[in-house]
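Shown here: query-v9.tsv, TSV, C-alpha atoms.
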chain	number	residue	atom	x	y	z
A	1	MET	CA	-9.48	287.44	34.41
A	2	ALA	CA	-8.51	289.09	37.68
A	3	GLY	CA	-11.19	289.70	40.26
A	4	THR	CA	-12.39	289.13	43.79
A	5	VAL	CA	-15.14	286.85	45.01
A	6	VAL	CA	-16.55	287.72	48.44
A	7	ALA	CA	-18.33	284.80	50.02
A	8	ASP	CA	-18.65	283.00	53.33
A	9	GLN	CA	-18.37	279.56	51.86
A	10	LEU	CA	-17.14	277.89	48.69
A	11	GLU	CA	-18.84	274.64	47.93
A	12	ALA	CA	-18.33	272.30	45.02
A	13	ALA	CA	-21.27	270.74	43.28
A	14	SER	CA	-22.12	267.23	44.40
A	15	THR	CA	-19.67	264.65	43.00
A	16	SER	CA	-17.23	267.47	42.12
A	17	THR	CA	-13.93	268.28	43.81
A	18	LEU	CA	-13.31	271.91	44.78
A	19	VAL	CA	-10.23	273.26	43.00
A	20	LEU	CA	-8.24	276.37	43.86
A	21	LYS	CA	-6.11	277.28	40.87
A	22	ASN	CA	-3.43	279.93	41.11
A	23	GLY	CA	-2.47	282.19	38.22
A	24	VAL	CA	1.26	281.90	38.87
A	25	ALA	CA	3.16	278.75	37.93
A	26	ASN	CA	4.50	276.55	40.75
A	27	THR	CA	3.11	278.90	43.42
A	28	PRO	CA	0.29	277.72	45.67
A	29	PRO	CA	-2.61	279.98	46.65
A	30	THR	CA	-2.05	281.81	49.92
A	31	ILE	CA	-4.32	282.05	52.97
A	32	GLN	CA	-4.85	285.59	54.26
A	33	ASP	CA	-6.64	287.17	57.20
A	34	SER	CA	-9.08	290.12	56.97
A	35	ALA	CA	-6.15	292.55	56.75
A	36	GLY	CA	-4.66	290.73	53.78
A	37	THR	CA	-1.78	289.33	55.81
A	38	GLN	CA	-0.66	285.87	54.78
A	39	ILE	CA	-1.34	283.58	57.72
A	40	GLY	CA	-1.08	280.16	56.20
A	41	THR	CA	0.08	278.04	53.35
A	42	PHE	CA	-0.73	274.71	51.80
A	43	CYS	CA	1.21	271.48	52.09
A	44	ARG	CA	3.24	271.13	48.89
A	45	ALA	CA	4.20	267.48	49.17
A	46	TRP	CA	3.71	264.53	51.48
A	47	VAL	CA	4.35	260.82	51.57
A	48	ASN	CA	3.35	257.90	53.77
A	49	PHE	CA	5.53	254.82	53.31
A	50	ASN	CA	6.51	251.50	54.82
A	51	GLY	CA	10.24	251.33	55.55
A	52	THR	CA	10.29	247.63	56.46
A	53	GLY	CA	10.28	244.44	54.39
A	54	THR	CA	9.34	245.42	50.86
A	55	VAL	CA	9.67	249.20	51.14
A	56	ALA	CA	6.58	250.72	49.53
A	57	ILE	CA	4.70	254.01	49.30
A	58	ARG	CA	1.16	253.81	50.68
A	59	SER	CA	0.06	257.20	49.39
A	60	SER	CA	1.63	260.49	48.43
A	61	PHE	CA	1.24	263.89	46.85
A	62	ASN	CA	3.82	265.59	44.62
A	63	VAL	CA	6.27	262.77	45.29
A	64	SER	CA	7.55	260.78	42.30
A	65	SER	CA	9.44	258.24	44.39
A	66	ILE	CA	11.39	257.55	47.52
A	67	THR	CA	14.89	256.14	47.38
A	68	ASP	CA	15.81	253.47	49.92
A	69	ASN	CA	19.50	254.17	50.56
A	70	GLY	CA	20.04	251.80	53.47
A	71	THR	CA	18.75	251.08	56.94
A	72	GLY	CA	16.51	253.97	57.97
A	73	ASP	CA	17.88	256.16	55.16
A	74	TYR	CA	15.64	257.52	52.40
A	75	THR	CA	15.48	260.23	49.76
A	76	VAL	CA	12.13	261.85	48.99
A	77	ASN	CA	11.97	262.90	45.30
A	78	PHE	CA	9.47	265.57	44.23
A	79	THR	CA	7.34	265.29	41.11
A	80	THR	CA	7.28	269.08	40.75
A	81	ALA	CA	10.35	270.78	42.19
A	82	MET	CA	10.17	273.30	45.03
A	83	PRO	CA	10.88	276.94	44.09
A	84	ASP	CA	13.99	276.84	46.30
A	85	ALA	CA	15.59	274.59	48.89
A	86	ASN	CA	14.42	276.62	51.89
A	87	TYR	CA	11.32	274.54	52.55
A	88	SER	CA	10.22	272.98	55.81
A	89	ALA	CA	10.01	269.21	55.98
A	90	VAL	CA	8.39	267.58	58.98
A	91	GLY	CA	7.87	263.94	59.74
A	92	ASN	CA	7.25	261.20	62.19
A	93	CYS	CA	7.42	257.43	62.40
A	94	THR	CA	6.20	254.55	64.46
A	95	THR	CA	8.38	253.11	67.20
A	96	ASN	CA	9.30	249.45	67.45
A	97	SER	CA	8.97	248.58	71.12
A	98	SER	CA	11.93	246.20	70.84
A	99	PHE	CA	14.23	249.17	70.44
A	100	SER	CA	14.62	252.59	72.01
A	101	VAL	CA	12.31	255.43	70.98
A	102	GLN	CA	12.68	256.25	67.32
A	103	PHE	CA	12.58	259.58	65.54
A	104	VAL	CA	12.74	261.09	62.08
A	105	SER	CA	15.70	263.30	61.19
A	106	MET	CA	15.47	265.61	58.17
A	107	PHE	CA	18.27	266.37	55.71
A	108	ASN	CA	20.36	263.63	57.26
A	109	SER	CA	21.75	260.24	56.19
A	110	THR	CA	22.19	257.25	58.49
A	111	VAL	CA	24.47	255.56	55.96
A	112	SER	CA	27.01	258.39	55.76
A	113	ASN	CA	26.06	259.61	59.26
A	114	ALA	CA	26.13	263.18	58.00
A	115	ASN	CA	23.78	266.00	57.07
A	116	VAL	CA	22.78	266.20	53.41
A	117	ALA	CA	21.65	269.61	52.13
A	118	PRO	CA	18.17	269.58	50.61
A	119	THR	CA	17.73	270.51	46.94
A	120	THR	CA	14.75	271.80	45.00
A	121	SER	CA	14.13	268.29	43.67
A	122	ALA	CA	14.75	266.03	46.67
A	123	PHE	CA	15.78	265.73	50.31
A	124	ARG	CA	17.15	263.07	52.60
A	125	VAL	CA	15.27	261.76	55.61
A	126	SER	CA	16.36	259.20	58.18
A	127	THR	CA	14.69	257.16	60.90
A	128	ARG	CA	16.87	256.50	63.92
A	129	GLU	CA	16.86	255.10	67.40
A	130	THR	CA	17.76	257.49	70.19
A	131	THR	CA	21.11	255.70	70.26
A	132	GLY	CA	21.71	257.22	66.81
A	133	SER	CA	21.60	253.97	64.85
A	134	GLY	CA	19.46	253.84	61.75
A	135	ARG	CA	16.34	251.72	62.13
A	136	ASP	CA	13.64	250.80	59.60
A	137	GLU	CA	10.08	251.58	60.61
A	138	GLU	CA	6.69	250.38	59.41
A	139	TYR	CA	5.10	253.83	59.15
A	140	VAL	CA	7.13	256.85	58.04
A	141	ILE	CA	5.19	260.05	57.29
A	142	VAL	CA	6.73	263.23	55.89
A	143	SER	CA	5.18	266.55	54.82
A	144	VAL	CA	6.71	269.56	53.07
A	145	PHE	CA	5.68	273.22	53.37
A	146	ARG	CA	7.03	276.25	51.54
B	1	MET	CA	4.50	243.54	37.73
B	2	GLU	CA	5.61	246.16	40.24
B	3	LYS	CA	9.04	247.60	39.50
B	4	ARG	CA	11.99	249.11	41.35
B	5	ILE	CA	15.09	250.99	40.13
B	6	VAL	CA	18.43	249.89	41.57
B	7	PHE	CA	21.59	251.99	41.40
B	8	GLU	CA	24.96	252.21	43.14
B	9	ASN	CA	24.95	255.07	45.63
B	10	GLU	CA	27.69	257.50	46.65
B	11	ASN	CA	28.75	255.30	49.57
B	12	GLY	CA	29.35	252.24	47.40
B	13	GLY	CA	26.13	250.64	48.55
B	14	VAL	CA	22.92	249.98	46.70
B	15	SER	CA	20.00	252.40	46.56
B	16	ILE	CA	16.54	251.33	45.48
B	17	ILE	CA	14.01	253.76	44.04
B	18	VAL	CA	10.42	253.01	45.02
B	19	PRO	CA	7.98	254.67	42.58
B	20	ALA	CA	4.89	256.51	43.80
B	21	ALA	CA	1.88	255.05	42.03
B	22	GLU	CA	-0.02	258.34	42.29
B	23	CYS	CA	2.63	260.48	40.53
B	24	GLY	CA	1.48	259.62	37.01
B	25	LEU	CA	4.99	258.92	35.71
B	26	THR	CA	6.24	255.71	34.14
B	27	ILE	CA	9.10	253.78	35.73
B	28	GLU	CA	11.35	254.95	32.87
B	29	GLU	CA	10.38	258.59	33.48
B	30	ILE	CA	11.09	258.20	37.20
B	31	ALA	CA	14.49	256.66	36.39
B	32	ALA	CA	15.29	259.59	34.09
B	33	LYS	CA	14.34	262.05	36.82
B	34	ASP	CA	15.40	260.45	40.13
B	35	VAL	CA	18.53	258.39	39.41
B	36	PRO	CA	21.61	260.56	40.09
B	37	VAL	CA	23.52	261.66	37.00
B	38	GLY	CA	26.34	259.32	35.98
B	39	LYS	CA	25.05	256.37	37.97
B	40	PRO	CA	24.46	252.98	36.34
B	41	TYR	CA	21.03	251.62	37.11
B	42	LYS	CA	18.71	248.72	36.41
B	43	ILE	CA	14.93	248.41	36.48
B	44	VAL	CA	13.98	245.19	38.24
B	45	ASP	CA	10.88	243.41	39.50
B	46	VAL	CA	10.02	244.11	43.13
B	47	ALA	CA	10.22	240.35	43.72
B	48	ASP	CA	13.98	240.57	43.00
B	49	ILE	CA	14.55	242.82	46.03
B	50	PRO	CA	15.24	240.97	49.31
B	51	THR	CA	12.68	241.55	52.06
B	52	ASP	CA	15.05	240.62	54.89
B	53	ARG	CA	16.70	243.97	55.65
B	54	GLU	CA	18.85	242.88	58.60
B	55	PHE	CA	22.04	243.48	56.62
B	56	ARG	CA	20.58	246.13	54.30
B	57	ASN	CA	23.71	248.31	54.25
B	58	ALA	CA	25.77	245.37	52.98
B	59	TRP	CA	23.63	244.71	49.91
B	60	THR	CA	25.40	244.62	46.56
B	61	ALA	CA	24.17	244.43	42.96
B	62	ASP	CA	25.58	243.54	39.55
B	63	PHE	CA	25.51	246.56	37.24
B	64	THR	CA	26.99	244.78	34.22
B	65	ASN	CA	25.25	246.07	31.06
B	66	ALA	CA	23.32	248.60	33.15
B	67	GLU	CA	21.93	251.84	31.75
B	68	VAL	CA	23.84	254.93	32.84
B	69	LYS	CA	21.95	258.10	33.76
B	70	ALA	CA	23.15	260.82	31.39

Can I see the file as structure tokens?
Amino acid sequence: MAGTVVADQLEAASTSTLVLKNGVANTPPTIQDSAGTQIGTFCRAWVNFNGTGTVAIRSSFNVSSITDNGTGDYTVNFTTAMPDANYSAVGNCTTNSSFSVQFVSMFNSTVSNANVAPTTSAFRVSTRETTGSGRDEEYVIVSVFR
Amino acid sequence: MEKRIVFENENGGVSIIVPAAECGLTIEEIAAKDVPVGKPYKIVDVADIPTDREFRNAWTADFTNAEVKA
């Protein structure tokens, strides 16, 4: 049933988790200002994983798996696909002091050393030294917005 | 036993799928969804994957009798 609730605060009952449920499939609720202008959106997927030793996911949301493709080269696979491939993926990683400063590069492969176009179901992410070489890192964190 | 999915990637190397425990899918469902079409793959124990990644890009695997993603 369509309708509007006007309130200053939404609060779940104790021991309950507050749920915002949209009426449109695969579309998150939007955040609007007083004029009804959309001013924000929700994170649609994220993952925190260890890229060293036994590569493993610590925690995640809307991620079915990551694919370890080689040194510092991963694919993030979504559980529920994005509506299109025009999403924003942001990430960061720790830096091993034995090497130069490291960074995360989106839609890019260290193995093929080329960009890889994102799809609705997955995207490539790499961790590199500033020299350009792929480098595994202990903490790799990636979030997706659309 | 924790599992991994191993398949041959487009560069001739080996890719390893690491499942997300929180996704609610089985390892077989993840294989059906995340292994690229046409690629042979095997589901293995995590203990079978080397932890020394110094020569990670040179890893190989035997895909004899492997499943092939349709």

(message) One number please: atom CA of A:Val144 to atom CA of A:Gln32, in Å, one decimal.
(response) 19.8 Å

(request) Write out as a PyMOL selection string the residues lying within 12 Å of A:Ala45, counting only C-alpha atoms and excluding same-chain residues fewer than 3 positions away. (result) (chain A and resi 28+42+48+59-65+76-82+87-91+121-123+141-146) or (chain B and resi 23)

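Across the model, the gap from atom CA of A:Val47 to atom CA of A:Asn22 is 23.1 Å.
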
(request) Compute the chain B side of the contact with chain A at 7 Å, counting only C-alpha atoms, and hand it back as JSON, numbers by chain. (result) {"B": [14, 15, 16, 17, 18, 19, 20, 22, 23, 30, 34, 51, 52, 53, 56, 57]}

(message) Between atom CA of B:Lys69 and atom CA of B:Gly12, what is the distance in Å, rounded to a tenth?
(response) 16.6 Å

(request) Compare A:Thr119, A:Thr17, A:Asn96, A:Thr110 by their minimum atom-to-atom distance to A:Pro83, counting only C-alpha atoms, and give me the closest one. (result) A:Thr119

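With distances taken over all atoms listed in the file, A:Ser105 is the one residue among A:Thr130, A:Ser105, A:Gln9, A:Thr30 lying closest to A:Asn92.
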
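The nearest approach to B:Lys3 among the residues B:Lys33, B:Leu25, B:Val46, B:Thr64, with only C-alpha atoms taken into account, belongs to B:Val46.
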
(request) List the neighbours of B:Ala61 out to 9 Å using only C-alpha atoms; skip same-chain residues closer than 6 positions along the sequence, and give me the result as a ChimeraX atom specification. (result) /B:6-8,13-14

Can stretch 49-60 of chain B be brought up to N, CA, C and O atoms and written out as a compact mmCIF listing (two decimals), keeping the file's coordinate frame?
# COMPACT_ATOMS: atom_id res chain seq x y z
N ILE B 49 13.96 242.09 44.90
CA ILE B 49 14.55 242.82 46.03
C ILE B 49 14.35 242.00 47.31
O ILE B 49 13.22 241.61 47.62
N PRO B 50 15.41 241.74 48.05
CA PRO B 50 15.24 240.97 49.31
C PRO B 50 14.31 241.70 50.27
O PRO B 50 14.25 242.93 50.30
N THR B 51 13.56 240.95 51.05
CA THR B 51 12.68 241.55 52.06
C THR B 51 13.30 241.49 53.44
O THR B 51 12.85 242.18 54.35
N ASP B 52 14.33 240.67 53.61
CA ASP B 52 15.05 240.62 54.89
C ASP B 52 16.08 241.74 54.88
O ASP B 52 17.07 241.69 54.15
N ARG B 53 15.86 242.77 55.68
CA ARG B 53 16.70 243.97 55.65
C ARG B 53 17.72 244.01 56.78
O ARG B 53 18.30 245.06 57.05
N GLU B 54 17.95 242.88 57.44
CA GLU B 54 18.85 242.88 58.60
C GLU B 54 20.25 243.40 58.24
O GLU B 54 20.87 244.12 59.00
N PHE B 55 20.71 243.02 57.05
CA PHE B 55 22.04 243.48 56.62
C PHE B 55 21.90 244.40 55.40
O PHE B 55 22.67 244.31 54.44
N ARG B 56 20.90 245.27 55.44
CA ARG B 56 20.58 246.13 54.30
C ARG B 56 21.78 246.92 53.79
O ARG B 56 21.95 247.08 52.57
N ASN B 57 22.60 247.45 54.69
CA ASN B 57 23.71 248.31 54.25
C ASN B 57 24.83 247.52 53.57
O ASN B 57 25.75 248.12 53.02
N ALA B 58 24.75 246.20 53.62
CA ALA B 58 25.77 245.37 52.98
C ALA B 58 25.31 244.83 51.63
O ALA B 58 26.04 244.10 50.97
N TRP B 59 24.13 245.21 51.19
CA TRP B 59 23.63 244.71 49.91
C TRP B 59 24.52 245.17 48.75
O TRP B 59 25.06 246.29 48.76
N THR B 60 24.66 244.29 47.78
CA THR B 60 25.40 244.62 46.56
C THR B 60 24.52 244.28 45.35
O THR B 60 23.51 243.58 45.49
